[in-house]
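Text of start_35.pdb (PDB, N, CA and C atoms and all ligand atoms) as supplied:
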```
ATOM      1  N   MET A  97     -76.613  44.871 -69.630
ATOM      2  CA  MET A  97     -76.429  44.390 -71.007
ATOM      3  C   MET A  97     -77.139  43.047 -71.177
ATOM      4  N   ARG A  98     -78.045  43.015 -72.124
ATOM      5  CA  ARG A  98     -78.819  41.784 -72.292
ATOM      6  C   ARG A  98     -77.995  40.731 -73.044
ATOM      7  N   ASP A  99     -78.338  39.478 -72.853
ATOM      8  CA  ASP A  99     -77.624  38.402 -73.528
ATOM      9  C   ASP A  99     -77.941  38.399 -75.016
ATOM     10  N   LEU A 100     -76.937  38.079 -75.791
ATOM     11  CA  LEU A 100     -77.144  37.932 -77.229
ATOM     12  C   LEU A 100     -77.824  36.602 -77.497
ATOM     13  N   ARG A 101     -78.622  36.583 -78.538
ATOM     14  CA  ARG A 101     -79.297  35.341 -78.913
ATOM     15  C   ARG A 101     -79.109  35.097 -80.408
ATOM     16  N   LEU A 102     -79.218  33.837 -80.785
ATOM     17  CA  LEU A 102     -79.091  33.492 -82.201
ATOM     18  C   LEU A 102     -80.118  34.290 -82.996
ATOM     19  N   GLY A 103     -79.675  34.830 -84.115
ATOM     20  CA  GLY A 103     -80.586  35.593 -84.959
ATOM     21  C   GLY A 103     -80.609  37.068 -84.638
ATOM     22  N   ASP A 104     -79.994  37.450 -83.503
ATOM     23  CA  ASP A 104     -79.932  38.875 -83.191
ATOM     24  C   ASP A 104     -79.121  39.605 -84.257
ATOM     25  N   ILE A 105     -79.489  40.838 -84.495
ATOM     26  CA  ILE A 105     -78.771  41.636 -85.493
ATOM     27  C   ILE A 105     -77.773  42.540 -84.768
ATOM     28  N   ILE A 106     -76.514  42.390 -85.148
ATOM     29  CA  ILE A 106     -75.458  43.224 -84.561
ATOM     30  C   ILE A 106     -74.597  43.798 -85.684
ATOM     31  N   ASP A 107     -73.905  44.866 -85.370
ATOM     32  CA  ASP A 107     -72.968  45.439 -86.336
ATOM     33  C   ASP A 107     -71.685  44.624 -86.321
ATOM     34  N   ASP A 108     -71.109  44.441 -87.500
ATOM     35  CA  ASP A 108     -69.782  43.848 -87.560
ATOM     36  C   ASP A 108     -69.137  44.244 -88.879
ATOM     37  N   TRP A 109     -67.834  44.061 -88.949
ATOM     38  CA  TRP A 109     -67.110  44.360 -90.172
ATOM     39  C   TRP A 109     -67.286  43.203 -91.132
ATOM     40  N   CYS A 110     -67.737  43.509 -92.343
ATOM     41  CA  CYS A 110     -67.857  42.469 -93.370
ATOM     42  C   CYS A 110     -66.677  42.592 -94.314
ATOM     43  N   VAL A 111     -65.898  41.485 -94.450
ATOM     44  CA  VAL A 111     -64.717  41.532 -95.298
ATOM     45  C   VAL A 111     -65.105  41.567 -96.774
ATOM     46  N   LYS A 112     -66.313  41.066 -97.089
ATOM     47  CA  LYS A 112     -66.739  41.082 -98.499
ATOM     48  C   LYS A 112     -67.277  42.457 -98.873
ATOM     49  N   CYS A 113     -68.089  43.017 -97.996
ATOM     50  CA  CYS A 113     -68.633  44.357 -98.269
ATOM     51  C   CYS A 113     -67.598  45.437 -97.981
ATOM     52  N   ARG A 114     -66.570  45.086 -97.203
ATOM     53  CA  ARG A 114     -65.518  46.026 -96.788
ATOM     54  C   ARG A 114     -66.107  47.226 -96.056
ATOM     55  N   ARG A 115     -67.047  46.948 -95.196
ATOM     56  CA  ARG A 115     -67.599  48.017 -94.363
ATOM     57  C   ARG A 115     -68.378  47.388 -93.226
ATOM     58  N   LEU A 116     -68.762  48.219 -92.285
ATOM     59  CA  LEU A 116     -69.603  47.752 -91.185
ATOM     60  C   LEU A 116     -71.017  47.551 -91.717
ATOM     61  N   THR A 117     -71.545  46.376 -91.483
ATOM     62  CA  THR A 117     -72.911  46.096 -91.926
ATOM     63  C   THR A 117     -73.648  45.398 -90.794
ATOM     64  N   ASN A 118     -74.958  45.254 -90.972
ATOM     65  CA  ASN A 118     -75.747  44.470 -90.028
ATOM     66  C   ASN A 118     -75.452  42.998 -90.237
ATOM     67  N   HIS A 119     -75.293  42.286 -89.139
ATOM     68  CA  HIS A 119     -75.038  40.849 -89.204
ATOM     69  C   HIS A 119     -76.006  40.131 -88.279
ATOM     70  N   ALA A 120     -76.461  38.972 -88.702
ATOM     71  CA  ALA A 120     -77.271  38.119 -87.842
ATOM     72  C   ALA A 120     -76.351  37.111 -87.186
ATOM     73  N   ILE A 121     -76.540  36.892 -85.893
ATOM     74  CA  ILE A 121     -75.716  35.918 -85.174
ATOM     75  C   ILE A 121     -76.141  34.508 -85.577
ATOM     76  N   VAL A 122     -75.192  33.714 -86.039
ATOM     77  CA  VAL A 122     -75.499  32.330 -86.408
ATOM     78  C   VAL A 122     -74.861  31.341 -85.434
ATOM     79  N   SER A 123     -73.922  31.798 -84.612
ATOM     80  CA  SER A 123     -73.288  30.898 -83.652
ATOM     81  C   SER A 123     -72.854  31.698 -82.436
ATOM     82  N   LEU A 124     -73.087  31.141 -81.265
ATOM     83  CA  LEU A 124     -72.710  31.803 -80.021
ATOM     84  C   LEU A 124     -71.734  30.930 -79.252
ATOM     85  N   VAL A 125     -70.765  31.570 -78.607
ATOM     86  CA  VAL A 125     -69.892  30.866 -77.667
ATOM     87  C   VAL A 125     -70.031  31.601 -76.352
ATOM     88  N   GLY A 126     -70.621  30.937 -75.376
ATOM     89  CA  GLY A 126     -70.935  31.610 -74.127
ATOM     90  C   GLY A 126     -71.943  32.712 -74.407
ATOM     91  N   ALA A 127     -71.622  33.918 -73.976
ATOM     92  CA  ALA A 127     -72.527  35.049 -74.193
ATOM     93  C   ALA A 127     -72.070  35.892 -75.370
ATOM     94  N   GLU A 128     -71.056  35.408 -76.110
ATOM     95  CA  GLU A 128     -70.500  36.188 -77.201
ATOM     96  C   GLU A 128     -70.828  35.590 -78.547
ATOM     97  N   ALA A 129     -70.999  36.460 -79.537
ATOM     98  CA  ALA A 129     -71.197  35.984 -80.903
ATOM     99  C   ALA A 129     -69.900  35.350 -81.383
ATOM    100  N   ALA A 130     -69.995  34.193 -82.021
ATOM    101  CA  ALA A 130     -68.812  33.536 -82.561
ATOM    102  C   ALA A 130     -68.822  33.633 -84.082
ATOM    103  N   LYS A 131     -69.995  33.379 -84.674
ATOM    104  CA  LYS A 131     -70.115  33.495 -86.134
ATOM    105  C   LYS A 131     -71.311  34.364 -86.451
ATOM    106  N   VAL A 132     -71.149  35.134 -87.493
ATOM    107  CA  VAL A 132     -72.219  36.033 -87.902
ATOM    108  C   VAL A 132     -72.412  35.942 -89.418
ATOM    109  N   ARG A 133     -73.611  36.360 -89.854
ATOM    110  CA  ARG A 133     -73.891  36.357 -91.294
ATOM    111  C   ARG A 133     -74.258  37.765 -91.706
ATOM    112  N   CYS A 134     -73.538  38.251 -92.701
ATOM    113  CA  CYS A 134     -73.788  39.599 -93.202
ATOM    114  C   CYS A 134     -75.189  39.676 -93.802
ATOM    115  N   ARG A 135     -75.916  40.728 -93.444
ATOM    116  CA  ARG A 135     -77.279  40.881 -93.944
ATOM    117  C   ARG A 135     -77.283  41.491 -95.340
ATOM    118  N   SER A 136     -76.120  41.926 -95.810
ATOM    119  CA  SER A 136     -76.046  42.516 -97.146
ATOM    120  C   SER A 136     -75.631  41.486 -98.189
ATOM    121  N   CYS A 137     -74.598  40.681 -97.869
ATOM    122  CA  CYS A 137     -74.108  39.725 -98.869
ATOM    123  C   CYS A 137     -74.320  38.287 -98.424
ATOM    124  N   TYR A 138     -74.849  38.084 -97.223
ATOM    125  CA  TYR A 138     -75.200  36.755 -96.705
ATOM    126  C   TYR A 138     -74.000  35.820 -96.588
ATOM    127  N   SER A 139     -72.791  36.367 -96.403
ATOM    128  CA  SER A 139     -71.661  35.474 -96.174
ATOM    129  C   SER A 139     -71.452  35.306 -94.672
ATOM    130  N   ASP A 140     -71.120  34.082 -94.264
ATOM    131  CA  ASP A 140     -70.845  33.794 -92.859
ATOM    132  C   ASP A 140     -69.361  34.015 -92.581
ATOM    133  N   HIS A 141     -69.061  34.515 -91.416
ATOM    134  CA  HIS A 141     -67.656  34.611 -91.003
ATOM    135  C   HIS A 141     -67.614  34.742 -89.496
ATOM    136  N   ASP A 142     -66.405  34.577 -88.947
ATOM    137  CA  ASP A 142     -66.239  34.743 -87.505
ATOM    138  C   ASP A 142     -66.574  36.170 -87.116
ATOM    139  N   TYR A 143     -67.126  36.317 -85.937
ATOM    140  CA  TYR A 143     -67.433  37.650 -85.431
ATOM    141  C   TYR A 143     -66.134  38.413 -85.209
ATOM    142  N   LEU A 144     -66.033  39.591 -85.797
ATOM    143  CA  LEU A 144     -64.782  40.356 -85.760
ATOM    144  C   LEU A 144     -64.810  41.478 -84.736
ATOM    145  N   ARG A 145     -65.860  41.539 -83.918
ATOM    146  CA  ARG A 145     -65.992  42.596 -82.909
ATOM    147  C   ARG A 145     -65.925  43.986 -83.530
ATOM    148  N   GLU A 146     -66.472  44.103 -84.726
ATOM    149  CA  GLU A 146     -66.553  45.403 -85.420
ATOM    150  C   GLU A 146     -65.191  45.960 -85.778
ATOM    151  N   ILE A 147     -64.156  45.096 -85.749
ATOM    152  CA  ILE A 147     -62.804  45.561 -86.055
ATOM    153  C   ILE A 147     -62.409  45.054 -87.437
ATOM    154  N   GLN A 148     -61.917  45.977 -88.247
ATOM    155  CA  GLN A 148     -61.453  45.593 -89.569
ATOM    156  C   GLN A 148     -60.173  44.801 -89.433
ATOM    157  N   PRO A 149     -60.137  43.569 -89.921
ATOM    158  CA  PRO A 149     -58.906  42.792 -89.806
ATOM    159  C   PRO A 149     -57.839  43.376 -90.718
ATOM    160  N   PRO A 150     -56.549  43.226 -90.354
ATOM    161  CA  PRO A 150     -55.494  43.749 -91.218
ATOM    162  C   PRO A 150     -55.503  43.039 -92.562
ATOM    163  N   SER A 151     -55.186  43.773 -93.601
ATOM    164  CA  SER A 151     -55.142  43.172 -94.929
ATOM    165  C   SER A 151     -53.926  42.264 -95.044
ATOM    166  N   LYS A 152     -53.884  41.450 -96.089
ATOM    167  CA  LYS A 152     -52.743  40.545 -96.286
ATOM    168  C   LYS A 152     -51.455  41.347 -96.421
ATOM    169  N   ARG A 153     -51.560  42.502 -97.054
ATOM    170  CA  ARG A 153     -50.397  43.360 -97.235
ATOM    171  C   ARG A 153     -49.892  43.843 -95.879
ATOM    172  N   GLU A 154     -50.823  44.240 -95.012
ATOM    173  CA  GLU A 154     -50.432  44.715 -93.685
ATOM    174  C   GLU A 154     -49.831  43.582 -92.858
ATOM    175  N   LEU A 155     -50.392  42.388 -92.987
ATOM    176  CA  LEU A 155     -49.875  41.236 -92.247
ATOM    177  C   LEU A 155     -48.440  40.937 -92.679
ATOM    178  N   LYS A 156     -48.196  41.033 -93.986
ATOM    179  CA  LYS A 156     -46.871  40.754 -94.528
ATOM    180  C   LYS A 156     -45.871  41.778 -94.009
ATOM    181  N   LYS A 157     -46.309  43.031 -94.003
ATOM    182  CA  LYS A 157     -45.474  44.122 -93.529
ATOM    183  C   LYS A 157     -45.119  43.914 -92.053
ATOM    184  N   MET A 158     -46.102  43.515 -91.259
ATOM    185  CA  MET A 158     -45.894  43.296 -89.834
ATOM    186  C   MET A 158     -44.946  42.123 -89.615
ATOM    187  N   ALA A 159     -45.096  41.066 -90.419
ATOM    188  CA  ALA A 159     -44.240  39.885 -90.293
ATOM    189  C   ALA A 159     -42.802  40.233 -90.653
ATOM    190  N   GLU A 160     -42.641  41.049 -91.697
ATOM    191  CA  GLU A 160     -41.299  41.446 -92.114
ATOM    192  C   GLU A 160     -40.628  42.324 -91.058
ATOM    193  N   ALA A 161     -41.385  43.208 -90.461
ATOM    194  CA  ALA A 161     -40.853  44.088 -89.417
ATOM    195  C   ALA A 161     -40.432  43.268 -88.205
ATOM    196  N   ALA A 162     -41.226  42.271 -87.845
ATOM    197  CA  ALA A 162     -40.904  41.424 -86.699
ATOM    198  C   ALA A 162     -39.660  40.598 -86.988
ATOM    199  N   LYS A 163     -39.544  40.118 -88.234
ATOM    200  CA  LYS A 163     -38.401  39.323 -88.639
ATOM    201  C   LYS A 163     -37.135  40.178 -88.610
ATOM    202  N   ALA A 164     -37.232  41.387 -89.141
ATOM    203  CA  ALA A 164     -36.089  42.301 -89.164
ATOM    204  C   ALA A 164     -35.636  42.637 -87.746
ATOM    205  N   ALA A 165     -36.593  42.850 -86.861
ATOM    206  CA  ALA A 165     -36.265  43.181 -85.471
ATOM    207  C   ALA A 165     -35.573  41.995 -84.801
ATOM    208  N   ALA A 166     -36.057  40.783 -85.087
ATOM    209  CA  ALA A 166     -35.467  39.585 -84.498
ATOM    210  C   ALA A 166     -34.049  39.380 -85.005
ATOM    211  N   GLU A 167     -33.849  39.619 -86.300
ATOM    212  CA  GLU A 167     -32.524  39.463 -86.885
ATOM    213  C   GLU A 167     -31.566  40.501 -86.336
ATOM    214  N   ALA A 168     -32.026  41.719 -86.193
ATOM    215  CA  ALA A 168     -31.178  42.801 -85.688
ATOM    216  C   ALA A 168     -30.725  42.501 -84.271
ATOM    217  N   SER A 169     -31.636  42.001 -83.437
ATOM    218  CA  SER A 169     -31.272  41.721 -82.048
ATOM    219  C   SER A 169     -30.390  40.485 -81.956
ATOM    220  N   ALA A 170     -30.498  39.568 -82.920
ATOM    221  CA  ALA A 170     -29.661  38.371 -82.913
ATOM    222  C   ALA A 170     -28.244  38.708 -83.345
ATOM    223  N   GLN A 171     -28.111  39.641 -84.291
ATOM    224  CA  GLN A 171     -26.791  40.010 -84.791
ATOM    225  C   GLN A 171     -26.025  40.887 -83.814
ATOM    226  N   GLU A 172     -26.723  41.768 -83.149
ATOM    227  CA  GLU A 172     -26.053  42.703 -82.251
ATOM    228  C   GLU A 172     -26.673  42.652 -80.870
ATOM    229  N   PRO A 173     -26.445  41.555 -80.157
ATOM    230  CA  PRO A 173     -27.086  41.422 -78.838
ATOM    231  C   PRO A 173     -26.599  42.445 -77.830
ATOM    232  N   THR A 174     -25.377  42.938 -78.000
ATOM    233  CA  THR A 174     -24.830  43.894 -77.024
ATOM    234  C   THR A 174     -24.592  45.256 -77.659
ATOM    235  N   ALA A 175     -25.293  45.535 -78.748
ATOM    236  CA  ALA A 175     -25.086  46.787 -79.465
ATOM    237  C   ALA A 175     -25.301  47.984 -78.555
ATOM    238  N   HIS A 176     -26.293  47.872 -77.670
ATOM    239  CA  HIS A 176     -26.584  49.017 -76.804
ATOM    240  C   HIS A 176     -25.484  49.216 -75.753
ATOM    241  N   LEU A 177     -24.713  48.151 -75.485
ATOM    242  CA  LEU A 177     -23.634  48.272 -74.494
ATOM    243  C   LEU A 177     -22.344  48.756 -75.146
ATOM    244  N   ALA A 178     -22.176  48.458 -76.438
ATOM    245  CA  ALA A 178     -20.928  48.753 -77.132
ATOM    246  C   ALA A 178     -20.961  50.092 -77.846
ATOM    247  N   LYS A 179     -21.894  50.927 -77.440
ATOM    248  CA  LYS A 179     -22.001  52.234 -78.090
ATOM    249  C   LYS A 179     -20.725  53.034 -77.840
ATOM    250  N   PRO A 180     -20.144  53.560 -78.909
ATOM    251  CA  PRO A 180     -18.923  54.363 -78.702
ATOM    252  C   PRO A 180     -19.237  55.648 -77.960
ATOM    253  N   HIS A 181     -18.260  56.103 -77.203
ATOM    254  CA  HIS A 181     -18.464  57.358 -76.484
ATOM    255  C   HIS A 181     -18.531  58.500 -77.478
ATOM    256  N   SER A 182     -19.168  59.539 -77.078
ATOM    257  CA  SER A 182     -19.243  60.696 -77.969
ATOM    258  C   SER A 182     -17.836  61.253 -78.145
ATOM    259  N   PRO A 183     -17.550  61.748 -79.345
ATOM    260  CA  PRO A 183     -16.175  62.220 -79.608
ATOM    261  C   PRO A 183     -15.750  63.282 -78.611
ATOM    262  N   ALA A 184     -14.473  63.213 -78.262
ATOM    263  CA  ALA A 184     -13.939  64.164 -77.289
ATOM    264  C   ALA A 184     -14.045  65.582 -77.829
ATOM    265  N   ARG A 185     -14.345  66.466 -76.901
ATOM    266  CA  ARG A 185     -14.468  67.866 -77.324
ATOM    267  C   ARG A 185     -13.085  68.436 -77.675
ATOM    268  N   LYS A 186     -13.059  69.251 -78.684
ATOM    269  CA  LYS A 186     -11.773  69.850 -79.074
ATOM    270  C   LYS A 186     -11.382  70.901 -78.047
ATOM    271  N   LYS A 187     -10.142  70.828 -77.675
ATOM    272  CA  LYS A 187      -9.675  71.816 -76.704
ATOM    273  C   LYS A 187      -9.210  73.048 -77.457
ATOM    274  N   THR A 188      -9.689  74.146 -77.068
ATOM    275  CA  THR A 188      -9.328  75.400 -77.755
ATOM    276  C   THR A 188      -8.144  76.060 -77.090
ATOM    277  N   ALA A 189      -7.889  75.700 -75.830
ATOM    278  CA  ALA A 189      -6.801  76.360 -75.115
ATOM    279  C   ALA A 189      -5.462  75.652 -75.318
TER     280      ALA A 189
HETATM  281 ZN    ZN B   1     -71.251  41.573 -96.498
END
```

Show the structure stored in the file as C-alpha cells.
Ligand SMILES: [Zn+2]
Amino acid sequence: MRDLRLGDIIDDWCVKCRRLTNHAIVSLVGAEAAKVRCRSCYSDHDYLREIQPPSKRELKKMAEAAKAAAEASAQEPTAHLAKPHSPARKKTA
C-alpha cells in the first residue's frame, strides 16, 4: 500500500453531497488522511474513512437509549437476582 500524499484523490463520504464522492487530501496525520476536500462541492471536512456519520436524529436516539439503560440499571441493580420463581405447577392429583 503506497503512502498517501497531499492532493491525492480518495473516496470519502461527503456530508453536504450526502454520498460518496472524490475528495482531495488537504491534511495528513502520519500516513492517514486527516482532512479532505470534496471534489464536487469543495467543502473541507475531517476524513470520515468512507463511513457515513450518524445523523443528529440517530445520535439523539442513541443518547436516549444509553440514558434509559443507565437509569434502568440504577433503579434496579439487583433486578436479575430478585426474579420471582416461576409459578408452581398445579397439582392435578
Ligand atoms: Zn460534497

Practice task
Find the residues around A:Pro149 up to 8 Å (all atoms listed in the file counted), leave out those fewer than 3 positions away in its own chain, and share them as a ChimeraX atom specification.
Solution key: /A:109-111,144,146,152,155

Exercise for the section: Given the file shown, determine the residues that the PyMOL selection byres (((not hetatm)) within 8 of (chain B and resi 1)) selects; report them as a PyMOL selection string. Expected result: chain A and resi 109-118+133-140

Exercise for the section: If you run DSSP over the backbone, which residues in chain A end up alpha helix (DSSP H)? Put them as JSON, numbers by chain. Expected result: {"A": [152, 153, 154, 155, 156, 157, 158, 159, 160, 161, 162, 163, 164, 165, 166, 167, 168, 169, 170, 171]}

Practice task
In Å, rounded to a single decimal, give me how far atom CA of A:Arg153 is from atom CA of A:Ala166.
Solution key: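 Taking atom CA of A:Ala166 and atom CA of A:Arg153, their separation equals 20.0 Å.
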
Handout entry: Atom pair atom CA of A:Val132 / atom C of A:Ala120: separation (Å)
Key =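 Atom C of A:Ala120 lies at a distance of 4.3 Å from atom CA of A:Val132.
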
Tell me which residues the PyMOL selection byres (((chain A and resi 121) around 7) and not hetatm) grabs here, as an mmCIF file with N, CA and C atoms, in the frame of the given file.
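Heads up, here's the output in expr-v3.cif:
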```cif
data_model
loop_
_atom_site.group_PDB
_atom_site.id
_atom_site.type_symbol
_atom_site.label_atom_id
_atom_site.label_comp_id
_atom_site.auth_asym_id
_atom_site.auth_seq_id
_atom_site.Cartn_x
_atom_site.Cartn_y
_atom_site.Cartn_z
ATOM 1 N N ARG A 101 -78.622 36.583 -78.538
ATOM 2 C CA ARG A 101 -79.297 35.341 -78.913
ATOM 3 C C ARG A 101 -79.109 35.097 -80.408
ATOM 4 N N LEU A 102 -79.218 33.837 -80.785
ATOM 5 C CA LEU A 102 -79.091 33.492 -82.201
ATOM 6 C C LEU A 102 -80.118 34.290 -82.996
ATOM 7 N N GLY A 103 -79.675 34.830 -84.115
ATOM 8 C CA GLY A 103 -80.586 35.593 -84.959
ATOM 9 C C GLY A 103 -80.609 37.068 -84.638
ATOM 10 N N ASP A 104 -79.994 37.450 -83.503
ATOM 11 C CA ASP A 104 -79.932 38.875 -83.191
ATOM 12 C C ASP A 104 -79.121 39.605 -84.257
ATOM 13 N N ILE A 105 -79.489 40.838 -84.495
ATOM 14 C CA ILE A 105 -78.771 41.636 -85.493
ATOM 15 C C ILE A 105 -77.773 42.540 -84.768
ATOM 16 N N ILE A 106 -76.514 42.390 -85.148
ATOM 17 C CA ILE A 106 -75.458 43.224 -84.561
ATOM 18 C C ILE A 106 -74.597 43.798 -85.684
ATOM 19 N N HIS A 119 -75.293 42.286 -89.139
ATOM 20 C CA HIS A 119 -75.038 40.849 -89.204
ATOM 21 C C HIS A 119 -76.006 40.131 -88.279
ATOM 22 N N ALA A 120 -76.461 38.972 -88.702
ATOM 23 C CA ALA A 120 -77.271 38.119 -87.842
ATOM 24 C C ALA A 120 -76.351 37.111 -87.186
ATOM 25 N N VAL A 122 -75.192 33.714 -86.039
ATOM 26 C CA VAL A 122 -75.499 32.330 -86.408
ATOM 27 C C VAL A 122 -74.861 31.341 -85.434
ATOM 28 N N SER A 123 -73.922 31.798 -84.612
ATOM 29 C CA SER A 123 -73.288 30.898 -83.652
ATOM 30 C C SER A 123 -72.854 31.698 -82.436
ATOM 31 N N LEU A 124 -73.087 31.141 -81.265
ATOM 32 C CA LEU A 124 -72.710 31.803 -80.021
ATOM 33 C C LEU A 124 -71.734 30.930 -79.252
ATOM 34 N N ALA A 129 -70.999 36.460 -79.537
ATOM 35 C CA ALA A 129 -71.197 35.984 -80.903
ATOM 36 C C ALA A 129 -69.900 35.350 -81.383
ATOM 37 N N ALA A 130 -69.995 34.193 -82.021
ATOM 38 C CA ALA A 130 -68.812 33.536 -82.561
ATOM 39 C C ALA A 130 -68.822 33.633 -84.082
ATOM 40 N N LYS A 131 -69.995 33.379 -84.674
ATOM 41 C CA LYS A 131 -70.115 33.495 -86.134
ATOM 42 C C LYS A 131 -71.311 34.364 -86.451
ATOM 43 N N VAL A 132 -71.149 35.134 -87.493
ATOM 44 C CA VAL A 132 -72.219 36.033 -87.902
ATOM 45 C C VAL A 132 -72.412 35.942 -89.418
ATOM 46 N N ARG A 133 -73.611 36.360 -89.854
ATOM 47 C CA ARG A 133 -73.891 36.357 -91.294
ATOM 48 C C ARG A 133 -74.258 37.765 -91.706
#
```

Practice task
Extract the full set of strand (DSSP E or B) residues from chain A according to DSSP on the backbone, and format it as an MDAnalysis selection string.
Solution key: chainID A and resid 105:110 115:125 128:134 140:142

Output file for the residues above (N, CA and C atoms, as a PDB file, keeping the file's coordinate frame):
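The resulting file, out-v8.pdb, is reproduced below:
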```pdb
ATOM      1  N   ILE A 105     -79.489  40.838 -84.495  1.00  0.00           N
ATOM      2  CA  ILE A 105     -78.771  41.636 -85.493  1.00  0.00           C
ATOM      3  C   ILE A 105     -77.773  42.540 -84.768  1.00  0.00           C
ATOM      4  N   ILE A 106     -76.514  42.390 -85.148  1.00  0.00           N
ATOM      5  CA  ILE A 106     -75.458  43.224 -84.561  1.00  0.00           C
ATOM      6  C   ILE A 106     -74.597  43.798 -85.684  1.00  0.00           C
ATOM      7  N   ASP A 107     -73.905  44.866 -85.370  1.00  0.00           N
ATOM      8  CA  ASP A 107     -72.968  45.439 -86.336  1.00  0.00           C
ATOM      9  C   ASP A 107     -71.685  44.624 -86.321  1.00  0.00           C
ATOM     10  N   ASP A 108     -71.109  44.441 -87.500  1.00  0.00           N
ATOM     11  CA  ASP A 108     -69.782  43.848 -87.560  1.00  0.00           C
ATOM     12  C   ASP A 108     -69.137  44.244 -88.879  1.00  0.00           C
ATOM     13  N   TRP A 109     -67.834  44.061 -88.949  1.00  0.00           N
ATOM     14  CA  TRP A 109     -67.110  44.360 -90.172  1.00  0.00           C
ATOM     15  C   TRP A 109     -67.286  43.203 -91.132  1.00  0.00           C
ATOM     16  N   CYS A 110     -67.737  43.509 -92.343  1.00  0.00           N
ATOM     17  CA  CYS A 110     -67.857  42.469 -93.370  1.00  0.00           C
ATOM     18  C   CYS A 110     -66.677  42.592 -94.314  1.00  0.00           C
ATOM     19  N   ARG A 115     -67.047  46.948 -95.196  1.00  0.00           N
ATOM     20  CA  ARG A 115     -67.599  48.017 -94.363  1.00  0.00           C
ATOM     21  C   ARG A 115     -68.378  47.388 -93.226  1.00  0.00           C
ATOM     22  N   LEU A 116     -68.762  48.219 -92.285  1.00  0.00           N
ATOM     23  CA  LEU A 116     -69.603  47.752 -91.185  1.00  0.00           C
ATOM     24  C   LEU A 116     -71.017  47.551 -91.717  1.00  0.00           C
ATOM     25  N   THR A 117     -71.545  46.376 -91.483  1.00  0.00           N
ATOM     26  CA  THR A 117     -72.911  46.096 -91.926  1.00  0.00           C
ATOM     27  C   THR A 117     -73.648  45.398 -90.794  1.00  0.00           C
ATOM     28  N   ASN A 118     -74.958  45.254 -90.972  1.00  0.00           N
ATOM     29  CA  ASN A 118     -75.747  44.470 -90.028  1.00  0.00           C
ATOM     30  C   ASN A 118     -75.452  42.998 -90.237  1.00  0.00           C
ATOM     31  N   HIS A 119     -75.293  42.286 -89.139  1.00  0.00           N
ATOM     32  CA  HIS A 119     -75.038  40.849 -89.204  1.00  0.00           C
ATOM     33  C   HIS A 119     -76.006  40.131 -88.279  1.00  0.00           C
ATOM     34  N   ALA A 120     -76.461  38.972 -88.702  1.00  0.00           N
ATOM     35  CA  ALA A 120     -77.271  38.119 -87.842  1.00  0.00           C
ATOM     36  C   ALA A 120     -76.351  37.111 -87.186  1.00  0.00           C
ATOM     37  N   ILE A 121     -76.540  36.892 -85.893  1.00  0.00           N
ATOM     38  CA  ILE A 121     -75.716  35.918 -85.174  1.00  0.00           C
ATOM     39  C   ILE A 121     -76.141  34.508 -85.577  1.00  0.00           C
ATOM     40  N   VAL A 122     -75.192  33.714 -86.039  1.00  0.00           N
ATOM     41  CA  VAL A 122     -75.499  32.330 -86.408  1.00  0.00           C
ATOM     42  C   VAL A 122     -74.861  31.341 -85.434  1.00  0.00           C
ATOM     43  N   SER A 123     -73.922  31.798 -84.612  1.00  0.00           N
ATOM     44  CA  SER A 123     -73.288  30.898 -83.652  1.00  0.00           C
ATOM     45  C   SER A 123     -72.854  31.698 -82.436  1.00  0.00           C
ATOM     46  N   LEU A 124     -73.087  31.141 -81.265  1.00  0.00           N
ATOM     47  CA  LEU A 124     -72.710  31.803 -80.021  1.00  0.00           C
ATOM     48  C   LEU A 124     -71.734  30.930 -79.252  1.00  0.00           C
ATOM     49  N   VAL A 125     -70.765  31.570 -78.607  1.00  0.00           N
ATOM     50  CA  VAL A 125     -69.892  30.866 -77.667  1.00  0.00           C
ATOM     51  C   VAL A 125     -70.031  31.601 -76.352  1.00  0.00           C
ATOM     52  N   GLU A 128     -71.056  35.408 -76.110  1.00  0.00           N
ATOM     53  CA  GLU A 128     -70.500  36.188 -77.201  1.00  0.00           C
ATOM     54  C   GLU A 128     -70.828  35.590 -78.547  1.00  0.00           C
ATOM     55  N   ALA A 129     -70.999  36.460 -79.537  1.00  0.00           N
ATOM     56  CA  ALA A 129     -71.197  35.984 -80.903  1.00  0.00           C
ATOM     57  C   ALA A 129     -69.900  35.350 -81.383  1.00  0.00           C
ATOM     58  N   ALA A 130     -69.995  34.193 -82.021  1.00  0.00           N
ATOM     59  CA  ALA A 130     -68.812  33.536 -82.561  1.00  0.00           C
ATOM     60  C   ALA A 130     -68.822  33.633 -84.082  1.00  0.00           C
ATOM     61  N   LYS A 131     -69.995  33.379 -84.674  1.00  0.00           N
ATOM     62  CA  LYS A 131     -70.115  33.495 -86.134  1.00  0.00           C
ATOM     63  C   LYS A 131     -71.311  34.364 -86.451  1.00  0.00           C
ATOM     64  N   VAL A 132     -71.149  35.134 -87.493  1.00  0.00           N
ATOM     65  CA  VAL A 132     -72.219  36.033 -87.902  1.00  0.00           C
ATOM     66  C   VAL A 132     -72.412  35.942 -89.418  1.00  0.00           C
ATOM     67  N   ARG A 133     -73.611  36.360 -89.854  1.00  0.00           N
ATOM     68  CA  ARG A 133     -73.891  36.357 -91.294  1.00  0.00           C
ATOM     69  C   ARG A 133     -74.258  37.765 -91.706  1.00  0.00           C
ATOM     70  N   CYS A 134     -73.538  38.251 -92.701  1.00  0.00           N
ATOM     71  CA  CYS A 134     -73.788  39.599 -93.202  1.00  0.00           C
ATOM     72  C   CYS A 134     -75.189  39.676 -93.802  1.00  0.00           C
ATOM     73  N   ASP A 140     -71.120  34.082 -94.264  1.00  0.00           N
ATOM     74  CA  ASP A 140     -70.845  33.794 -92.859  1.00  0.00           C
ATOM     75  C   ASP A 140     -69.361  34.015 -92.581  1.00  0.00           C
ATOM     76  N   HIS A 141     -69.061  34.515 -91.416  1.00  0.00           N
ATOM     77  CA  HIS A 141     -67.656  34.611 -91.003  1.00  0.00           C
ATOM     78  C   HIS A 141     -67.614  34.742 -89.496  1.00  0.00           C
ATOM     79  N   ASP A 142     -66.405  34.577 -88.947  1.00  0.00           N
ATOM     80  CA  ASP A 142     -66.239  34.743 -87.505  1.00  0.00           C
ATOM     81  C   ASP A 142     -66.574  36.170 -87.116  1.00  0.00           C
TER      82      ASP A 142
END
```

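Atom C of A:Ser169 to atom C of A:Glu154 spans 22.5 Å [interatomic distance, one decimal].
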
Coordinates of box centre and edge lengths for stretch 114-118 of chain A, 8 Å on every side, axis-aligned, as JSON:
```
{"center_x": -70.6, "center_y": 45.6, "center_z": -93.6, "size_x": 26.2, "size_y": 21.2, "size_z": 23.2}
```
